[in-house]
Structure formats: structure tokens, C-alpha cells
Amino acid sequence: MRRRITLRLAGAVALTAGLAAVVAPAAAQASPGLLAAMQRDLGLSAGQAQARLGQELAASKLMPVAQQAAGAAYGGAWFDPALGKLVVGVTDPAAADAVHRTGAETAPARISAAALDAAKTAVDASAKAKPAPAAVSGWGADPRTGSVVVTLQPGAHGADVDAFLAQAREAGPVAVVTGPKPQTFSAGTVGGDPYYINGNTRCSIGFSVNGGFVSAGHCGGAGSSVVGWDGSAMGTFGGSSFPGNDYSIINIGNGWWTAPVVLGWGTVSDVIVRGSSVAPVGSSICRSGSTSHWHCGSVLTLNDTVNYSQGSVYEVTRTSVCAEPGDSGGSFITGDQAQGVTSGGYGDCTAGGNTWFQPVNEILQTYGRSLVTG
């Protein structure tokens, strides 16, 4: 176990040092494996993938500055791949100049981000008081359309669905789309590079934190025992929340230690984690898991709600990345910035699908932990 992890980390450090001499600093942390996955899943050339990572890193750093510049007129923000820039929605054209001075572009917004978030929160509150109908797949605030987008399963109808939509519309603007029902991505014991809960459920490690690692909450409850890929004892779940949230903290010992890497499972090079800046909507994002390994896509919406059969999970991020059973808890990362841990979704990595993740910064704040970074 020690030799395996040490070799992976050493290889990743050496690779990053070699890249630094030939690429711009903003893209210097991207491993060839990450770039290859982006090329495969986003249809980019190597140069385009590298340039996009630099643009997205700049957008994630700019987003809080641009939000402050927009003030009360802030209508949300997203990354536009065609422009290669952050776009900020503004409800008042008079705020556009201040936003432009930060380096961001602007677009008209029909509703402020604060009002849209409040509308989404109101829908969440009603679902907590009375569970959403099973035919409702989920809902989330979309700044690009200025509405709470409710996803229904194809053919969904009935008085319960109508009542849910009517109550949602009382909270604010609503758009209705159709889509498959998401499911969590835990699985039974199979081979690979996973961790196992109570000897019979397999999930994937998310990110190393001081004293352990974070993963999905549906993988195990507090006190559940965990063993590693080699069958040796790792530790126990120190905390877990699901549904409502979908996160957990696993405390490790027994000779295991933490490393600031996202594993490539031998398919791509490991990636060193250097922070957790939030990637805006529209950014590229990649996922690593013990079943389907590396796959990439885009961030579709922030602050979504997913209505699983076990109950709703709030404040998750929706992506166009595929996943499969056993990938639950695995890492979502943009460039070298940790984004979150895999929760669930629909589809697979043959036909494609969407996957949601629990943002990592909320997990760190909840458990008072910090990322292990390189």
C-alpha cells in the first residue's frame, strides 16, 4: 500500500515540474491525462483544452470580484466557452460598466441571483415539509434563463405533480424540462481501486483531507468500518449525511495516510490537488471513480436539488459527466481545483448521462477539515 501511493504521488510531482517550463502558469498544473480526457469528452484539441483550463481558472478567481462589482444587480455568473470569459448577468444596465472593468462580460438578467436563490430555497422548503412527487427528478436555479428549472420524468402527470409545480411558481419563475430519474452510484464488491464499507459495498475516495478523506454520505453511516483496495483496514466513517445532503468524512489510520492526488487508475496520470476554487457554470469538469475511471464534461447548474428514491438532496451541482455504479464519492475536479464528490445521476459511460456532485467546500466547512494539497 505505501509503495503504491508513494509512486503515484512522486510521478505526479515530477510531471508537473516538467510541464511548468513549457506552458503558461494558469495551465501548468494540468496533467497530460487530464488534457486527454477533456479532448475525448469535450471534443477539444490539446491546445484548446489547455487554453480552456487557463480561462476557467481565471473565471473562477474573477467571479467573486465581479459579483461585488455588480452589487444588487448581480444576476448570477457562468463561463462562456465560446468567449473564453466569465459572463455576469445584470438586472440593471447601469451596473454593466463596473462589471466590465473587472474583465468580465455582461448579459441582461430578468431576476437577481438573490431573488432566484430565494425562489429555489422556497421550493426546497416546501419539499422538506412534504416530499416531492417521485415523478419529479429535481430542480435548480439557472442564472442563464433566470428561472428555477424543474425536471420531470418523461410522461409525468397527475395532481401531485401539478400541485408541486403550482407551489414552485408561487416562489418565482419556473421552467419545466424532462429528464431521467437520477440514482446514486454505489455498488457491490468488485475489483479495482476502491474502498469498501462493512465488507460489501464499494464506493470511491473523493479527496484527501487532514486525518482522512471525504466521500458520499449514501455510501455508509457514521461508525461504519472501511477497508482499502488491498483489503486492509483503513478506519471508520466519522460522520455522514444522506438524504438532505450527500457527504461523509472517513477517518483513517492503520498505516494509511493522505496524499494530495486524484487517481488516474492507470489510465491517465494522477492529478495533484492545489485548491478548491468553485468552477462557474459552463466550465469543463472531470470526474475520477473506481468503476469508469476518467470522464469529463461541463458544469450545467449550481445549487440543484435531486429527488432520489431515498429522499431529496439539496445544493448539489449538475454536470454532463457520465458515471456508473461504484463511482459514488469519487472526485470531481476542474484543472487542479477540487470541486466535489460524486452523488448520483442517470445513464452510463457508454450511452452518456448527467451526474450530480456534493460541493467539497461545504463538506470541509461542515466537518472542520482542510484539503490536503500539493
# chains A, B, ... in the order shown; residues from 1 in each chain; ligands from 1
$ closest_atom_pairs --of "stretch 263-343 of chain A" --to "stretch 106-120 of chain A" --cutoff "12 Å" --atoms "only C-alpha atoms" --output "JSON lines"
{"residue": "A:Leu302", "atom": "CA", "partner": "A:Asp117", "partner_atom": "CA", "distance": 10.4}
{"residue": "A:Asn303", "atom": "CA", "partner": "A:Asp117", "partner_atom": "CA", "distance": 8.3}
{"residue": "A:Asp304", "atom": "CA", "partner": "A:Lys120", "partner_atom": "CA", "distance": 8.6}
{"residue": "A:Thr305", "atom": "CA", "partner": "A:Lys120", "partner_atom": "CA", "distance": 8.9}
{"residue": "A:Tyr314", "atom": "CA", "partner": "A:Lys120", "partner_atom": "CA", "distance": 10.1}
{"residue": "A:Glu315", "atom": "CA", "partner": "A:Lys120", "partner_atom": "CA", "distance": 9.9}
$ write_last_selection --atoms "N, CA, C and O atoms" --output "mmCIF file, in the first residue's frame"
data_model
loop_
_atom_site.group_PDB
_atom_site.id
_atom_site.type_symbol
_atom_site.label_atom_id
_atom_site.label_comp_id
_atom_site.auth_asym_id
_atom_site.auth_seq_id
_atom_site.Cartn_x
_atom_site.Cartn_y
_atom_site.Cartn_z
ATOM 1 N N LEU A 302 -25.498 25.098 -10.720
ATOM 2 C CA LEU A 302 -25.129 25.044 -9.308
ATOM 3 C C LEU A 302 -26.406 25.024 -8.470
ATOM 4 O O LEU A 302 -27.478 25.375 -8.941
ATOM 5 N N ASN A 303 -26.278 24.623 -7.208
ATOM 6 C CA ASN A 303 -27.395 24.698 -6.256
ATOM 7 C C ASN A 303 -28.638 23.971 -6.759
ATOM 8 O O ASN A 303 -29.748 24.470 -6.688
ATOM 9 N N ASP A 304 -28.441 22.757 -7.292
ATOM 10 C CA ASP A 304 -29.552 21.926 -7.728
ATOM 11 C C ASP A 304 -30.120 21.137 -6.547
ATOM 12 O O ASP A 304 -29.470 20.985 -5.515
ATOM 13 N N THR A 305 -31.319 20.614 -6.730
ATOM 14 C CA THR A 305 -31.892 19.640 -5.812
ATOM 15 C C THR A 305 -32.208 18.381 -6.611
ATOM 16 O O THR A 305 -32.819 18.453 -7.682
ATOM 17 N N TYR A 314 -30.045 18.457 -1.422
ATOM 18 C CA TYR A 314 -30.061 19.864 -1.791
ATOM 19 C C TYR A 314 -28.657 20.404 -2.028
ATOM 20 O O TYR A 314 -27.665 19.873 -1.540
ATOM 21 N N GLU A 315 -28.593 21.506 -2.786
ATOM 22 C CA GLU A 315 -27.357 22.265 -3.000
ATOM 23 C C GLU A 315 -26.247 21.421 -3.624
ATOM 24 O O GLU A 315 -25.089 21.493 -3.237
#
$ residues_around --residues "A:Tyr346" --least-positions-apart "3" --cutoff "12 Å" --atoms "only C-alpha atoms" --output "JSON, numbers by chain"
{"A": [137, 153, 179, 180, 181, 182, 183, 184, 185, 306, 308, 318, 319, 320, 321, 322, 323, 324, 325, 343, 349, 350, 351, 352, 353, 354, 355, 356]}
$ atom_distance --atom1 "atom CA of A:Val360" --atom2 "atom CA of A:Val262"
13.7 Å
$ atom_distance --atom1 "atom CA of A:Gly275" --atom2 "atom CA of A:Gly212"
16.7 Å
$ closest_residue --among "A:Val313, A:Val299, A:Ala156, A:Ile197" --to "A:Gly223" --atoms "only C-alpha atoms"
A:Ile197
$ atom_distance --atom1 "atom CA of A:Gln48" --atom2 "atom CA of A:Ala82"
11.3 Å
$ residues_around --residues "A:Asp327" --least-positions-apart "6" --cutoff "10 Å" --atoms "only C-alpha atoms" --output "list in words"
Thr184, Phe185, Ser186, Ala187, Pro194, Arg202, Cys203, Ser204, Ile205, Gly206, Ala216, Arg287, Ser288, Gly289, Ser290, Thr291, Ser292, His293, Val341, Thr342, Ser343 and Gly344 of chain A
$ write_last_selection --atoms "N, CA and C atoms" --output "mmCIF file, in the first residue's frame"
data_model
loop_
_atom_site.group_PDB
_atom_site.id
_atom_site.type_symbol
_atom_site.label_atom_id
_atom_site.label_comp_id
_atom_site.auth_asym_id
_atom_site.auth_seq_id
_atom_site.Cartn_x
_atom_site.Cartn_y
_atom_site.Cartn_z
ATOM 1 N N THR A 184 -28.256 7.010 -7.085
ATOM 2 C CA THR A 184 -26.911 7.050 -6.521
ATOM 3 C C THR A 184 -26.047 5.995 -7.191
ATOM 4 N N PHE A 185 -24.715 6.155 -7.071
ATOM 5 C CA PHE A 185 -23.785 5.299 -7.803
ATOM 6 C C PHE A 185 -22.948 4.391 -6.906
ATOM 7 N N SER A 186 -23.509 3.935 -5.795
ATOM 8 C CA SER A 186 -22.792 2.934 -5.005
ATOM 9 C C SER A 186 -22.970 1.567 -5.662
ATOM 10 N N ALA A 187 -22.181 0.588 -5.235
ATOM 11 C CA ALA A 187 -22.236 -0.725 -5.881
ATOM 12 C C ALA A 187 -21.748 -1.810 -4.935
ATOM 13 N N PRO A 194 -10.881 0.696 -5.084
ATOM 14 C CA PRO A 194 -11.949 1.355 -4.343
ATOM 15 C C PRO A 194 -11.679 1.414 -2.851
ATOM 16 N N ARG A 202 -19.113 -0.969 -2.319
ATOM 17 C CA ARG A 202 -17.949 -0.285 -2.873
ATOM 18 C C ARG A 202 -18.305 1.137 -3.254
ATOM 19 N N CYS A 203 -17.469 2.071 -2.863
ATOM 20 C CA CYS A 203 -17.556 3.462 -3.307
ATOM 21 C C CYS A 203 -16.157 3.943 -3.676
ATOM 22 N N SER A 204 -16.040 5.210 -4.014
ATOM 23 C CA SER A 204 -14.768 5.777 -4.443
ATOM 24 C C SER A 204 -14.343 6.910 -3.512
ATOM 25 N N ILE A 205 -13.040 7.019 -3.303
ATOM 26 C CA ILE A 205 -12.489 8.099 -2.486
ATOM 27 C C ILE A 205 -12.695 9.430 -3.206
ATOM 28 N N GLY A 206 -13.073 10.443 -2.439
ATOM 29 C CA GLY A 206 -13.219 11.773 -3.017
ATOM 30 C C GLY A 206 -11.910 12.530 -2.980
ATOM 31 N N ALA A 216 -19.133 10.252 -0.427
ATOM 32 C CA ALA A 216 -20.582 10.440 -0.437
ATOM 33 C C ALA A 216 -21.208 9.917 0.853
ATOM 34 N N ARG A 287 -14.221 13.837 -13.812
ATOM 35 C CA ARG A 287 -14.545 13.000 -12.663
ATOM 36 C C ARG A 287 -13.695 11.736 -12.690
ATOM 37 N N SER A 288 -13.271 11.312 -11.510
ATOM 38 C CA SER A 288 -12.499 10.085 -11.375
ATOM 39 C C SER A 288 -13.218 9.155 -10.411
ATOM 40 N N GLY A 289 -13.434 7.918 -10.829
ATOM 41 C CA GLY A 289 -14.109 6.949 -9.979
ATOM 42 C C GLY A 289 -13.589 5.553 -10.223
ATOM 43 N N SER A 290 -13.860 4.644 -9.294
ATOM 44 C CA SER A 290 -13.253 3.319 -9.333
ATOM 45 C C SER A 290 -13.879 2.386 -10.350
ATOM 46 N N THR A 291 -15.007 2.770 -10.959
ATOM 47 C CA THR A 291 -15.617 1.926 -11.991
ATOM 48 C C THR A 291 -15.277 2.420 -13.389
ATOM 49 N N SER A 292 -15.608 3.658 -13.673
ATOM 50 C CA SER A 292 -15.482 4.165 -15.046
ATOM 51 C C SER A 292 -14.277 5.057 -15.263
ATOM 52 N N HIS A 293 -13.472 5.267 -14.205
ATOM 53 C CA HIS A 293 -12.213 5.999 -14.298
ATOM 54 C C HIS A 293 -12.433 7.457 -14.686
ATOM 55 N N VAL A 341 -17.705 15.683 -4.554
ATOM 56 C CA VAL A 341 -17.718 14.220 -4.566
ATOM 57 C C VAL A 341 -18.993 13.736 -5.248
ATOM 58 N N THR A 342 -18.858 12.667 -6.017
ATOM 59 C CA THR A 342 -19.954 12.138 -6.828
ATOM 60 C C THR A 342 -21.113 11.687 -5.956
ATOM 61 N N SER A 343 -22.306 12.161 -6.298
ATOM 62 C CA SER A 343 -23.516 11.766 -5.578
ATOM 63 C C SER A 343 -24.301 10.735 -6.385
ATOM 64 N N GLY A 344 -24.854 11.116 -7.519
ATOM 65 C CA GLY A 344 -25.638 10.199 -8.332
ATOM 66 C C GLY A 344 -25.950 10.804 -9.673
#
$ select_by_dssp --residues "stretch 152-275 of chain A" --states "strand (DSSP E or B)" --output "PyMOL selection string"
chain A and resi 152+174-178+183-184+187-188+195-197+201-203+207-209+212-215+225-227+233-241+244+247-252+261-262+271-272+275
$ select_by_dssp --residues "stretch 26-105 of chain A" --states "alpha helix (DSSP H)" --output "PyMOL selection string"
chain A and resi 32-42+46-70+96-100
$ closest_residue --among "A:Asn307, A:Phe237, A:Glu56, A:Trp257" --to "A:Val150" --atoms "only C-alpha atoms"
A:Asn307
$ closest_residue --among "A:Cys219, A:Val136, A:Ala72, A:Ala233" --to "A:Tyr247" --atoms "only C-alpha atoms"
A:Cys219
$ residues_around --residues "A:Val123" --least-positions-apart "5" --cutoff "12 Å" --atoms "only C-alpha atoms" --output "MDAnalysis selection string"
chainID A and resid 116:118 128:132 138:141 148:150 163:174 304:305 312 314
$ decode --residues "stretch 312-337 of chain A" --atoms "N, CA and C atoms" --output "compact mmCIF listing (two decimals), in the first residue's frame"
# COMPACT_ATOMS: atom_id res chain seq x y z
N SER A 312 -34.79 13.75 -1.06
CA SER A 312 -34.13 14.83 -1.79
C SER A 312 -32.78 15.19 -1.20
N VAL A 313 -31.85 15.59 -2.07
CA VAL A 313 -30.54 16.09 -1.68
C VAL A 313 -30.41 17.50 -2.26
N TYR A 314 -30.04 18.46 -1.42
CA TYR A 314 -30.06 19.86 -1.79
C TYR A 314 -28.66 20.40 -2.03
N GLU A 315 -28.59 21.51 -2.79
CA GLU A 315 -27.36 22.26 -3.00
C GLU A 315 -26.25 21.42 -3.62
N VAL A 316 -26.61 20.61 -4.62
CA VAL A 316 -25.63 19.84 -5.37
C VAL A 316 -25.43 20.48 -6.74
N THR A 317 -24.38 20.09 -7.43
CA THR A 317 -24.04 20.66 -8.74
C THR A 317 -24.27 19.62 -9.83
N ARG A 318 -24.94 20.04 -10.89
CA ARG A 318 -25.25 19.14 -12.01
C ARG A 318 -24.19 19.28 -13.10
N THR A 319 -23.78 18.14 -13.66
CA THR A 319 -22.77 18.14 -14.72
C THR A 319 -23.21 17.22 -15.86
N SER A 320 -22.56 17.37 -16.99
CA SER A 320 -22.81 16.48 -18.13
C SER A 320 -21.86 15.29 -18.15
N VAL A 321 -21.15 15.07 -17.05
CA VAL A 321 -20.20 13.95 -16.97
C VAL A 321 -20.96 12.66 -16.66
N CYS A 322 -20.57 11.56 -17.27
CA CYS A 322 -21.19 10.27 -17.00
C CYS A 322 -20.59 9.63 -15.74
N ALA A 323 -21.29 8.65 -15.19
CA ALA A 323 -20.78 7.86 -14.06
C ALA A 323 -21.52 6.54 -14.03
N GLU A 324 -20.99 5.60 -13.23
CA GLU A 324 -21.58 4.27 -13.15
C GLU A 324 -21.51 3.77 -11.71
N PRO A 325 -22.27 2.69 -11.38
CA PRO A 325 -22.24 2.15 -10.02
C PRO A 325 -20.82 1.86 -9.53
N GLY A 326 -20.53 2.30 -8.32
CA GLY A 326 -19.18 2.19 -7.75
C GLY A 326 -18.40 3.48 -7.81
N ASP A 327 -18.86 4.44 -8.65
CA ASP A 327 -18.20 5.75 -8.75
C ASP A 327 -18.60 6.71 -7.64
N SER A 328 -19.65 6.36 -6.87
CA SER A 328 -20.12 7.24 -5.81
C SER A 328 -18.99 7.67 -4.88
N GLY A 329 -19.00 8.96 -4.53
CA GLY A 329 -17.99 9.50 -3.64
C GLY A 329 -16.74 9.97 -4.33
N GLY A 330 -16.57 9.60 -5.62
CA GLY A 330 -15.34 9.92 -6.34
C GLY A 330 -15.19 11.41 -6.64
N SER A 331 -14.01 11.77 -7.14
CA SER A 331 -13.57 13.16 -7.25
C SER A 331 -14.10 13.85 -8.50
N PHE A 332 -14.61 15.06 -8.32
CA PHE A 332 -14.86 15.99 -9.42
C PHE A 332 -13.82 17.10 -9.31
N ILE A 333 -13.14 17.40 -10.42
CA ILE A 333 -12.05 18.37 -10.38
C ILE A 333 -12.02 19.16 -11.68
N THR A 334 -11.74 20.45 -11.59
CA THR A 334 -11.54 21.31 -12.75
C THR A 334 -10.10 21.80 -12.70
N GLY A 335 -9.30 21.40 -13.67
CA GLY A 335 -7.87 21.72 -13.62
C GLY A 335 -7.26 21.05 -12.40
N ASP A 336 -6.75 21.86 -11.46
CA ASP A 336 -6.19 21.31 -10.22
C ASP A 336 -7.04 21.72 -9.01
N GLN A 337 -8.27 22.19 -9.26
CA GLN A 337 -9.15 22.68 -8.20
C GLN A 337 -10.24 21.66 -7.88
